[in-house]
Amino acid sequence: MAAPEEDEVDPVDEDYSSVILSFPPEVQEAIDQVLPSTDPLDRPDFNAVEFINNLFPTEQSLANIDEVTNRMRTKIHRLDDDIRNVVRGQTNAGQDGREALVEAQRAIQELFKRIKDIKEKAEKSEQMVKEITRDIKQLDHAKRHLTASITTLNHLHMLVGGVDDLESMTRRRQYGDIANLLQGVVNVLEHFQKYMSIPQIRQLAEKVKKIQGELGTQILADFEESFSNQGGRPLSNQKELTEACLVVNVLDPKVKKDLLKWFVKLQLQEYMVLFQENQDVAWLDKIDRRFAWVQRAVLSFEEKYGRIFPAEWEVAERICVEFCQVTKDGLSKVMQNRSTEIEVKLLLFAIQRTGNFETLLAKRFRGSTLLPHVEKSQPSEVPDKDNDPLAAQEERDPLNPFDVDDDEEDEPVEVKVPVKAKVSPFHGLIGQCFEPHLHIYIESQDRNLSDLIQRFLDDFRTQGPPPIQAEEGGAVLPSCADLFVFYKKCMVQCSQLSTGQPLLSLTVTFQKYLKEYASRLLNGNLPKSQVPAMPASLNFSTLLKEGLKETTTEVPKFTADEQYRVCSILVTAEYCLDTTQQLEEKLKEKIDSSLADQVSLSSEIGLFHGVISNCIQLLVQDLESACEPAMTAMNKVNWSSIETVGDQSGYVNAITTHISRTVPVVRDNLASARKYFTQFCIKFVNTFIPRFINHLFKCKPISTVGAEQLLLDTHSLKTVLLDLPSIGSQVNRKAPASFTKIVVKGMTKAEMILKIVMSPADPQSAFVDNYIKLMTDSETSDFQRILDMKGLKRGDQNALLELYRSRAPTPSHGQLNSASRPQSKIRVQEQELSRIRRLEKIIKKKL
């Protein structure tokens with residue numbers, strides 16, 4: 001019975017699996033929301049195998065398989081019954097839906113009929129209301145027209161009466177009554193703008209315009225007559241003129257403009273005569289007298305005539321503004337005619353006094369006549385004499401132009417402006433005339449800076465760098481601080497004079513002397529490199545003159561003072577670098593925004609970077625030259641005769657001694673520039689390790705014991721180099737990761753070379769495979785050198801080279817280029833030295 005059951009189940013399962021439906025994600029999500037279920041059979045990713053494994057996790061659980069099967073069958077029967085009931089229930093659903101649709105259509109038609117009836121009734125109601133209110137609307141329009149007619153007649157009566165009154169008051173000069181009446185007439189006349197086609201209304205408007213013109217002419221004549229006949233006496237008709245000003249406020253603005261222009265010109269007549277171009281008092285050294293005169297004039301005006309004019313007219317401010325314009329034009333002409341007589345001190349004196357006067361005006365007035373957007377409702381108040389800055393300035397005695405107090409002279413220099421403050425409208429009102437002559441100031445600062453740089457050079461030659469400070473390392477040269485303090489004073493002073501082209505010219509001067517300081521004072525005082533340059537070419541005669549002696553003579557090291565000087569110049573260059581960047585930012589803040597893009601000190605910053613690089617390179621070369629004799633001594637040892645491995649060799653002790661003496665001194669001197677000490681360490685190991693490996697290749701032949709001794713020495717040097725940044729220091733700091741990586745990579749290569757030398761050459765295939773495994777980035781030339789170090793015969797070397805070429809991995813073109821560039825220079829030098837050695841041997845044989 002078992003076999004037939006299995007045969008019956010299999011086709012059913014296959015048919016069932018073929019009809020499993022996969023719904024789109026959005027449909028499946030809608031089903032889960034409508035029919036939420038936790039049954040694993042309802043999941044879209046249902047896995048039958050996983051489901052059965054969960055039901056029967058172990059073999060023992062198969063004992064109740066019949067119970068599980070019965071439960072499943074019961075569930076299937078229940079689902080079949082539910083589906084059957086649903087299908088039967090939906091049999092009559094279509095007929096019920098059609099009946100419901102017909103019923104809904106019938107209800108909509110009934111609703112439409114009712115809405116139509118309501119609309120017809122509403123239209124009838126609206127028509128009925130219009131018939132009822134027709135008479136009421138007519139009465140309402142009549143009332144509105146009657147009211148407008150009465151109002152227009154009243155305005156017409158007021159206009160006619162006002163015009164008559166204005167004519168009579170104008171003849172009697174009753175300005176107080178005219179001011180109020182004229183404003184009312186003008187307002188009433190605005191209501192008749194749409195009736196200007198009526199001749200009578202147009203005639204009235206022309207009369208009003210004529211009266212306004214007569215009033216303007218009459219008031220100007222009254223002012224001219226009153227001030228021309230005044231003499232030294234007070235005005236007798238001051239009240240009449242005050243009321244006349246109220247009338248001017250109502251008239252055309254041109255009348256007010258003409259009146260003020262005439263009055264301001266009248267007040268400055270005396271000034272224009274006293275300070276003509278040909279007068280001695282018009283020159284720059286007596287510029288204080290100009291400002292003293294206007295201060296007296298303004299105070300006199302406010303005392304005598306201040307109450308005549310309305311406060312919102314700002315007459316005192318207008319007098320000062322016109323004075324500034326006249327003074328600027330006068331000074332421009334005088335300086336143009338006498339440009340050869342302008343000296344720096346005189347020019348700065350005039351600019352300073354002018355700036356003080358402009359600041360005084362900014363404190364006293366709001367600048368409403370210069371800035372139209374200033375609210376007219378807030379006129380400048382006339383201050384008391386005790387609080388008036390003009391009055392206070394008037395009481396001071398003018399100073400001698402060449403006898404200026406130090407406090408006043410330094411005052412414009414010590415201005416600290418972290419951000420650009422709001423500029424006063426009076427700023428530069430007179431001072432603009434000095435801008436074309438500021439090249440005199442720039443040339444003066446150029447001469448001062450030239451003298452300053454020369455003084456710095458003389459001081460450095462006589463005094464040298466400052467003494468070392470405890471725990472601070474090499475001291476910054478005081479000259480650089482003096483230079484930048486001078487720069488700051490010049491920048492602030494020039495920005496007060498002008499923030500345009502003169503400040504850009506001063507920036508060019510700053511750049512010039514930053515370059516001078518970097519080249520002459522910093523680079524020029526570095527000790528000369530002690531490393532001899534390799535000759536570009538060697539010939540036979542030179543070789544005979546020099547003899548056949550070794551060229552590895554000991555090179556003198558820097559003295560302690562020279563080391564300290566290099567470190568002091570390095571920290572000075574770092575200070576200059578940071579301060580130059582800040583100087584560039586400040587210049588861009590102060591200069592006009594249109595010129596800010598032209599301010600760039602990047603080339604000068606690059607110069608200081610170059611000074612720092614030169615200092616580090618000198619320190620590295622000094623330490624290298626000290627270690628070179630020890631590595632030369634390593635080459636002179638007969639490594640093939642070493643019988644036992646002992647302690648580290650003498651050359652390692654010598655190198656360690658030189659490092660232990662030099663590095664702590666450099667570290668202490670660069671205590672304030674720690675990052676550059678790290679660069680010094682990195683540069684040293686970057687040059688020392690390749691040089692050490694190059695000397696290692698020259699040690700040949702080497703026995704196995706000799707290679708073991710060299711391996712011990714290499715490990716000792718590796719330990720010393722890893723501890724290089726903190727060698728001789730009481731504080732044990734961890735070396736930077738980049739430094740450690742360089743040392744480990746370089747010295748590991750040296751250790752691998754020695755391990756290969758120690759390995760036996762037989763069998764050859766194992767030797768070559770070991771070399772390829774240990775030296776991943778090597779070349780054929782390195783393999784040849786290692787064979788030379790082992791002292792193999794030429795035939796054995798050729799066989800090993802052929803085997804290596806056949807087994808060595810072929811690098812890509814990019815890898816070949818990148819690998820060949822760093823060693824190209826070393827390779828050329830080695831080839832040159834090998835040719836020289838061969839030439840030496842030939843000469844020895846012939847001699």
# chains A, B, ... in the order shown; residues from 1 in each chain; ligands from 1
$ residues_around --residues "Asn694 of chain A" --least-positions-apart "2" --cutoff "10 Å" --atoms "only C-alpha atoms" --output "VMD selection string"
chain A and resid 631 688 to 692 696 to 699 750 785 826 830
$ write_last_selection --atoms "N, CA, C and O atoms" --output "PDB file, in the first residue's frame"
ATOM      1  N   MET A 631      80.393  54.223   7.402  1.00  0.00           N
ATOM      2  CA  MET A 631      79.946  53.280   6.378  1.00  0.00           C
ATOM      3  C   MET A 631      81.070  52.949   5.406  1.00  0.00           C
ATOM      4  O   MET A 631      81.138  51.843   4.869  1.00  0.00           O
ATOM      5  N   PHE A 688      69.421  58.009   4.397  1.00  0.00           N
ATOM      6  CA  PHE A 688      70.428  57.162   5.043  1.00  0.00           C
ATOM      7  C   PHE A 688      70.249  55.696   4.665  1.00  0.00           C
ATOM      8  O   PHE A 688      71.235  54.994   4.367  1.00  0.00           O
ATOM      9  N   ILE A 689      69.019  55.202   4.675  1.00  0.00           N
ATOM     10  CA  ILE A 689      68.795  53.768   4.434  1.00  0.00           C
ATOM     11  C   ILE A 689      69.214  53.368   3.017  1.00  0.00           C
ATOM     12  O   ILE A 689      69.923  52.363   2.841  1.00  0.00           O
ATOM     13  N   PRO A 690      68.808  54.097   1.929  1.00  0.00           N
ATOM     14  CA  PRO A 690      69.322  53.717   0.598  1.00  0.00           C
ATOM     15  C   PRO A 690      70.846  53.791   0.511  1.00  0.00           C
ATOM     16  O   PRO A 690      71.483  52.951  -0.157  1.00  0.00           O
ATOM     17  N   ARG A 691      71.432  54.802   1.198  1.00  0.00           N
ATOM     18  CA  ARG A 691      72.906  54.907   1.188  1.00  0.00           C
ATOM     19  C   ARG A 691      73.522  53.715   1.906  1.00  0.00           C
ATOM     20  O   ARG A 691      74.547  53.159   1.460  1.00  0.00           O
ATOM     21  N   PHE A 692      72.913  53.293   3.020  1.00  0.00           N
ATOM     22  CA  PHE A 692      73.434  52.133   3.765  1.00  0.00           C
ATOM     23  C   PHE A 692      73.330  50.865   2.917  1.00  0.00           C
ATOM     24  O   PHE A 692      74.265  50.051   2.874  1.00  0.00           O
ATOM     25  N   LEU A 696      76.177  48.453   1.582  1.00  0.00           N
ATOM     26  CA  LEU A 696      76.072  47.019   1.875  1.00  0.00           C
ATOM     27  C   LEU A 696      76.398  46.199   0.630  1.00  0.00           C
ATOM     28  O   LEU A 696      77.071  45.151   0.711  1.00  0.00           O
ATOM     29  N   PHE A 697      75.957  46.667  -0.528  1.00  0.00           N
ATOM     30  CA  PHE A 697      76.256  45.971  -1.774  1.00  0.00           C
ATOM     31  C   PHE A 697      77.755  45.970  -2.084  1.00  0.00           C
ATOM     32  O   PHE A 697      78.259  45.095  -2.804  1.00  0.00           O
ATOM     33  N   LYS A 698      78.480  46.973  -1.572  1.00  0.00           N
ATOM     34  CA  LYS A 698      79.914  47.071  -1.850  1.00  0.00           C
ATOM     35  C   LYS A 698      80.742  46.118  -0.996  1.00  0.00           C
ATOM     36  O   LYS A 698      81.943  45.968  -1.226  1.00  0.00           O
ATOM     37  N   CYS A 699      80.122  45.518   0.044  1.00  0.00           N
ATOM     38  CA  CYS A 699      80.835  44.572   0.909  1.00  0.00           C
ATOM     39  C   CYS A 699      80.875  43.215   0.199  1.00  0.00           C
ATOM     40  O   CYS A 699      79.880  42.464   0.215  1.00  0.00           O
ATOM     41  N   ALA A 750      67.248  45.575   3.667  1.00  0.00           N
ATOM     42  CA  ALA A 750      68.653  45.273   3.952  1.00  0.00           C
ATOM     43  C   ALA A 750      68.790  43.901   4.611  1.00  0.00           C
ATOM     44  O   ALA A 750      69.701  43.119   4.285  1.00  0.00           O
ATOM     45  N   ARG A 785      74.178  42.063  -7.950  1.00  0.00           N
ATOM     46  CA  ARG A 785      74.977  42.559  -6.820  1.00  0.00           C
ATOM     47  C   ARG A 785      75.062  41.515  -5.711  1.00  0.00           C
ATOM     48  O   ARG A 785      76.117  41.346  -5.074  1.00  0.00           O
ATOM     49  N   ILE A 826      71.011  56.965  -8.541  1.00  0.00           N
ATOM     50  CA  ILE A 826      71.990  56.109  -7.860  1.00  0.00           C
ATOM     51  C   ILE A 826      72.689  55.210  -8.866  1.00  0.00           C
ATOM     52  O   ILE A 826      73.905  54.988  -8.819  1.00  0.00           O
ATOM     53  N   GLU A 830      76.664  54.896  -9.668  1.00  0.00           N
ATOM     54  CA  GLU A 830      77.396  53.636  -9.502  1.00  0.00           C
ATOM     55  C   GLU A 830      78.133  53.264 -10.784  1.00  0.00           C
ATOM     56  O   GLU A 830      79.278  52.789 -10.746  1.00  0.00           O
TER      57      GLU A 830
END
$ residues_around --residues "Gly606 of chain A" --least-positions-apart "2" --cutoff "12 Å" --atoms "only C-alpha atoms" --output "list in words"
Gln511, Leu514, Lys515, Ala518, Ser519, Ala573, Glu574, Cys576, Leu577, Asp578, Thr580, Gln581, Ser600, Leu601, Ser602, Ser603, Glu604, Phe608, His609, Gly610, Val611, Ile612 and Ser613 of chain A
$ atom_distance --atom1 "atom CA of Cys433 of chain A" --atom2 "atom CA of Gln598 of chain A"
24.1 Å
$ select_by_dssp --residues "segment 712-774 of chain A" --states "helix (DSSP H, G or I)" --output "PyMOL selection string"
chain A and resi 712-722+724-726+737-758+764-774
$ residues_around --residues "Tyr513 of chain A" --least-positions-apart "3" --cutoff "9 Å" --atoms "only C-alpha atoms" --output "tab-separated table (two decimals) with all heavy atoms, in the first residue's frame"
chain	number	residue	atom	x	y	z
A	446	ASP	N	59.15	102.39	1.46
A	446	ASP	CA	60.12	101.53	0.78
A	446	ASP	C	61.53	101.83	1.27
A	446	ASP	O	62.33	100.92	1.55
A	446	ASP	CB	59.99	101.75	-0.73
A	446	ASP	CG	60.83	100.77	-1.53
A	446	ASP	OD1	62.06	100.92	-1.52
A	446	ASP	OD2	60.26	99.86	-2.14
A	449	LEU	N	61.93	100.55	4.85
A	449	LEU	CA	62.09	99.10	4.92
A	449	LEU	C	63.47	98.67	4.44
A	449	LEU	O	64.06	97.72	4.97
A	449	LEU	CB	61.00	98.42	4.09
A	449	LEU	CG	59.62	98.36	4.74
A	449	LEU	CD1	58.57	97.92	3.74
A	449	LEU	CD2	59.64	97.40	5.92
A	450	SER	N	64.00	99.35	3.43
A	450	SER	CA	65.35	99.03	2.96
A	450	SER	C	66.38	99.26	4.06
A	450	SER	O	67.26	98.42	4.30
A	450	SER	CB	65.67	99.88	1.74
A	450	SER	OG	66.98	99.63	1.29
A	453	ILE	N	65.93	96.46	6.75
A	453	ILE	CA	66.53	95.17	6.38
A	453	ILE	C	68.05	95.23	6.53
A	453	ILE	O	68.69	94.29	7.03
A	453	ILE	CB	66.16	94.81	4.93
A	453	ILE	CG1	64.64	94.54	4.82
A	453	ILE	CG2	66.94	93.59	4.45
A	453	ILE	CD1	64.18	93.33	5.56
A	508	VAL	N	52.63	95.46	-2.64
A	508	VAL	CA	53.77	95.11	-3.50
A	508	VAL	C	55.09	95.39	-2.77
A	508	VAL	O	56.05	94.61	-2.86
A	508	VAL	CB	53.69	95.89	-4.83
A	508	VAL	CG1	54.92	95.65	-5.67
A	508	VAL	CG2	52.43	95.50	-5.59
A	509	THR	N	55.14	96.51	-2.03
A	509	THR	CA	56.35	96.82	-1.26
A	509	THR	C	56.57	95.77	-0.17
A	509	THR	O	57.70	95.34	0.08
A	509	THR	CB	56.22	98.22	-0.63
A	509	THR	OG1	55.97	99.18	-1.66
A	509	THR	CG2	57.48	98.60	0.11
A	510	PHE	N	55.48	95.36	0.49
A	510	PHE	CA	55.59	94.29	1.50
A	510	PHE	C	56.18	93.03	0.88
A	510	PHE	O	57.07	92.38	1.46
A	510	PHE	CB	54.22	93.97	2.09
A	510	PHE	CG	53.72	95.02	3.05
A	510	PHE	CD1	52.41	94.97	3.53
A	510	PHE	CD2	54.53	96.05	3.49
A	510	PHE	CE1	51.94	95.92	4.42
A	510	PHE	CE2	54.08	97.00	4.38
A	510	PHE	CZ	52.77	96.94	4.85
A	516	GLU	N	63.26	89.96	0.29
A	516	GLU	CA	64.59	90.38	0.75
A	516	GLU	C	64.95	89.71	2.07
A	516	GLU	O	66.06	89.22	2.26
A	516	GLU	CB	64.62	91.91	0.92
A	516	GLU	CG	64.61	92.68	-0.38
A	516	GLU	CD	66.00	92.83	-0.97
A	516	GLU	OE1	66.96	92.90	-0.19
A	516	GLU	OE2	66.11	92.84	-2.21
A	517	TYR	N	63.99	89.68	2.99
A	517	TYR	CA	64.24	89.10	4.32
A	517	TYR	C	64.52	87.60	4.18
A	517	TYR	O	65.44	87.07	4.83
A	517	TYR	CB	63.03	89.33	5.22
A	517	TYR	CG	63.28	88.98	6.66
A	517	TYR	CD1	63.88	89.87	7.53
A	517	TYR	CD2	62.93	87.72	7.16
A	517	TYR	CE1	64.11	89.54	8.86
A	517	TYR	CE2	63.15	87.37	8.47
A	517	TYR	CZ	63.75	88.28	9.32
A	517	TYR	OH	63.99	87.94	10.62
A	518	ALA	N	63.73	86.92	3.34
A	518	ALA	CA	63.90	85.47	3.19
A	518	ALA	C	65.23	85.14	2.52
A	518	ALA	O	65.92	84.18	2.92
A	518	ALA	CB	62.74	84.89	2.39
$ closest_residue --among "A:Ala735, A:Leu774, A:Leu587, A:Leu670" --to "Ser568 of chain A" --atoms "only C-alpha atoms"
A:Leu670
$ closest_residue --among "A:Ile756, A:Val744, A:Ile442, A:Leu266" --to "Thr704 of chain A" --atoms "only C-alpha atoms"
A:Ile756
$ closest_residue --among "A:Ala671, A:Ala292, A:Val248, A:Leu35" --to "Gln212 of chain A" --atoms "only C-alpha atoms"
A:Val248
$ residues_around --residues "Pro425 of chain A" --least-positions-apart "4" --cutoff "10 Å" --atoms "only C-alpha atoms" --output "list in words"
Glu358, Leu361, Ala362, Phe365, Arg366, Gly367, Ser368, Thr369, Leu370, Leu371 and Leu429 of chain A
$ atom_distance --atom1 "atom CA of Lys286 of chain A" --atom2 "atom CA of Thr340 of chain A"
17.5 Å
$ residues_around --residues "Gln764 of chain A" --least-positions-apart "2" --cutoff "10 Å" --atoms "only C-alpha atoms" --output "short mmCIF file (atom, residue, chain, number, x, y, z; two decimals) with N, CA, C and O atoms, in the first residue's frame"
data_model
loop_
_atom_site.label_atom_id
_atom_site.label_comp_id
_atom_site.auth_asym_id
_atom_site.auth_seq_id
_atom_site.Cartn_x
_atom_site.Cartn_y
_atom_site.Cartn_z
N PRO A 760 72.48 29.13 0.86
CA PRO A 760 73.39 28.46 -0.08
C PRO A 760 72.92 28.64 -1.52
O PRO A 760 71.73 28.73 -1.80
N ALA A 761 73.88 28.69 -2.44
CA ALA A 761 73.57 28.86 -3.86
C ALA A 761 73.12 27.57 -4.52
O ALA A 761 72.57 27.60 -5.63
N ASP A 762 73.35 26.44 -3.87
CA ASP A 762 72.89 25.14 -4.38
C ASP A 762 71.79 24.60 -3.47
O ASP A 762 71.90 24.66 -2.24
N ALA A 766 66.29 26.59 -5.90
CA ALA A 766 65.81 26.99 -4.56
C ALA A 766 66.35 28.37 -4.20
O ALA A 766 65.64 29.19 -3.59
N PHE A 767 67.61 28.66 -4.58
CA PHE A 767 68.19 29.97 -4.29
C PHE A 767 67.43 31.09 -5.02
O PHE A 767 67.11 32.13 -4.44
N VAL A 768 67.13 30.85 -6.30
CA VAL A 768 66.41 31.87 -7.08
C VAL A 768 64.99 32.05 -6.54
O VAL A 768 64.50 33.18 -6.41
N ASP A 769 64.32 30.95 -6.21
CA ASP A 769 62.95 31.05 -5.67
C ASP A 769 62.96 31.79 -4.33
O ASP A 769 62.07 32.60 -4.04
N ASN A 770 63.97 31.53 -3.52
CA ASN A 770 64.08 32.23 -2.24
C ASN A 770 64.28 33.73 -2.45
O ASN A 770 63.70 34.57 -1.76
N ASP A 796 78.94 30.45 -12.63
CA ASP A 796 77.78 30.21 -11.76
C ASP A 796 76.84 31.40 -11.75
O ASP A 796 75.62 31.24 -11.73
N ALA A 799 74.69 31.33 -14.92
CA ALA A 799 73.63 30.31 -14.86
C ALA A 799 72.48 30.78 -13.95
O ALA A 799 71.30 30.62 -14.28
N LEU A 800 72.84 31.37 -12.80
CA LEU A 800 71.80 31.86 -11.88
C LEU A 800 71.03 33.03 -12.51
O LEU A 800 69.81 33.15 -12.31
N LEU A 803 68.55 31.63 -14.98
CA LEU A 803 67.43 31.02 -14.25
C LEU A 803 66.52 32.07 -13.64
O LEU A 803 65.28 31.94 -13.65
N TYR A 804 67.12 33.16 -13.11
CA TYR A 804 66.30 34.24 -12.52
C TYR A 804 65.44 34.94 -13.57
O TYR A 804 64.26 35.21 -13.36
#
$ decode --residues "segment 577-588 of chain A" --atoms "N, CA, C and O atoms" --output "short mmCIF file (atom, residue, chain, number, x, y, z; two decimals), in the first residue's frame"
data_model
loop_
_atom_site.label_atom_id
_atom_site.label_comp_id
_atom_site.auth_asym_id
_atom_site.auth_seq_id
_atom_site.Cartn_x
_atom_site.Cartn_y
_atom_site.Cartn_z
N LEU A 577 56.26 82.43 8.06
CA LEU A 577 55.26 81.74 7.23
C LEU A 577 53.86 81.95 7.78
O LEU A 577 52.94 82.36 7.06
N ASP A 578 53.68 81.68 9.07
CA ASP A 578 52.35 81.85 9.68
C ASP A 578 51.92 83.31 9.67
O ASP A 578 50.77 83.63 9.37
N THR A 579 52.85 84.22 9.99
CA THR A 579 52.49 85.63 10.07
C THR A 579 52.19 86.20 8.68
O THR A 579 51.33 87.07 8.54
N THR A 580 52.87 85.72 7.66
CA THR A 580 52.60 86.19 6.29
C THR A 580 51.19 85.78 5.86
O THR A 580 50.49 86.55 5.18
N GLN A 581 50.76 84.60 6.24
CA GLN A 581 49.40 84.18 5.92
C GLN A 581 48.38 85.10 6.61
O GLN A 581 47.38 85.50 6.00
N GLN A 582 48.63 85.45 7.87
CA GLN A 582 47.73 86.36 8.57
C GLN A 582 47.77 87.76 7.93
O GLN A 582 46.73 88.42 7.83
N LEU A 583 48.96 88.18 7.52
CA LEU A 583 49.08 89.48 6.86
C LEU A 583 48.26 89.52 5.58
O LEU A 583 47.58 90.52 5.30
N GLU A 584 48.28 88.45 4.81
CA GLU A 584 47.49 88.40 3.58
C GLU A 584 45.99 88.50 3.88
O GLU A 584 45.26 89.22 3.19
N GLU A 585 45.54 87.82 4.92
CA GLU A 585 44.12 87.90 5.29
C GLU A 585 43.74 89.32 5.70
O GLU A 585 42.68 89.82 5.32
N LYS A 586 44.59 89.97 6.49
CA LYS A 586 44.29 91.33 6.94
C LYS A 586 44.26 92.31 5.77
O LYS A 586 43.41 93.20 5.72
N LEU A 587 45.19 92.15 4.85
CA LEU A 587 45.21 93.04 3.69
C LEU A 587 43.94 92.87 2.86
O LEU A 587 43.36 93.85 2.37
N LYS A 588 43.48 91.64 2.69
CA LYS A 588 42.25 91.40 1.93
C LYS A 588 41.04 91.97 2.65
O LYS A 588 40.05 92.36 2.02
#
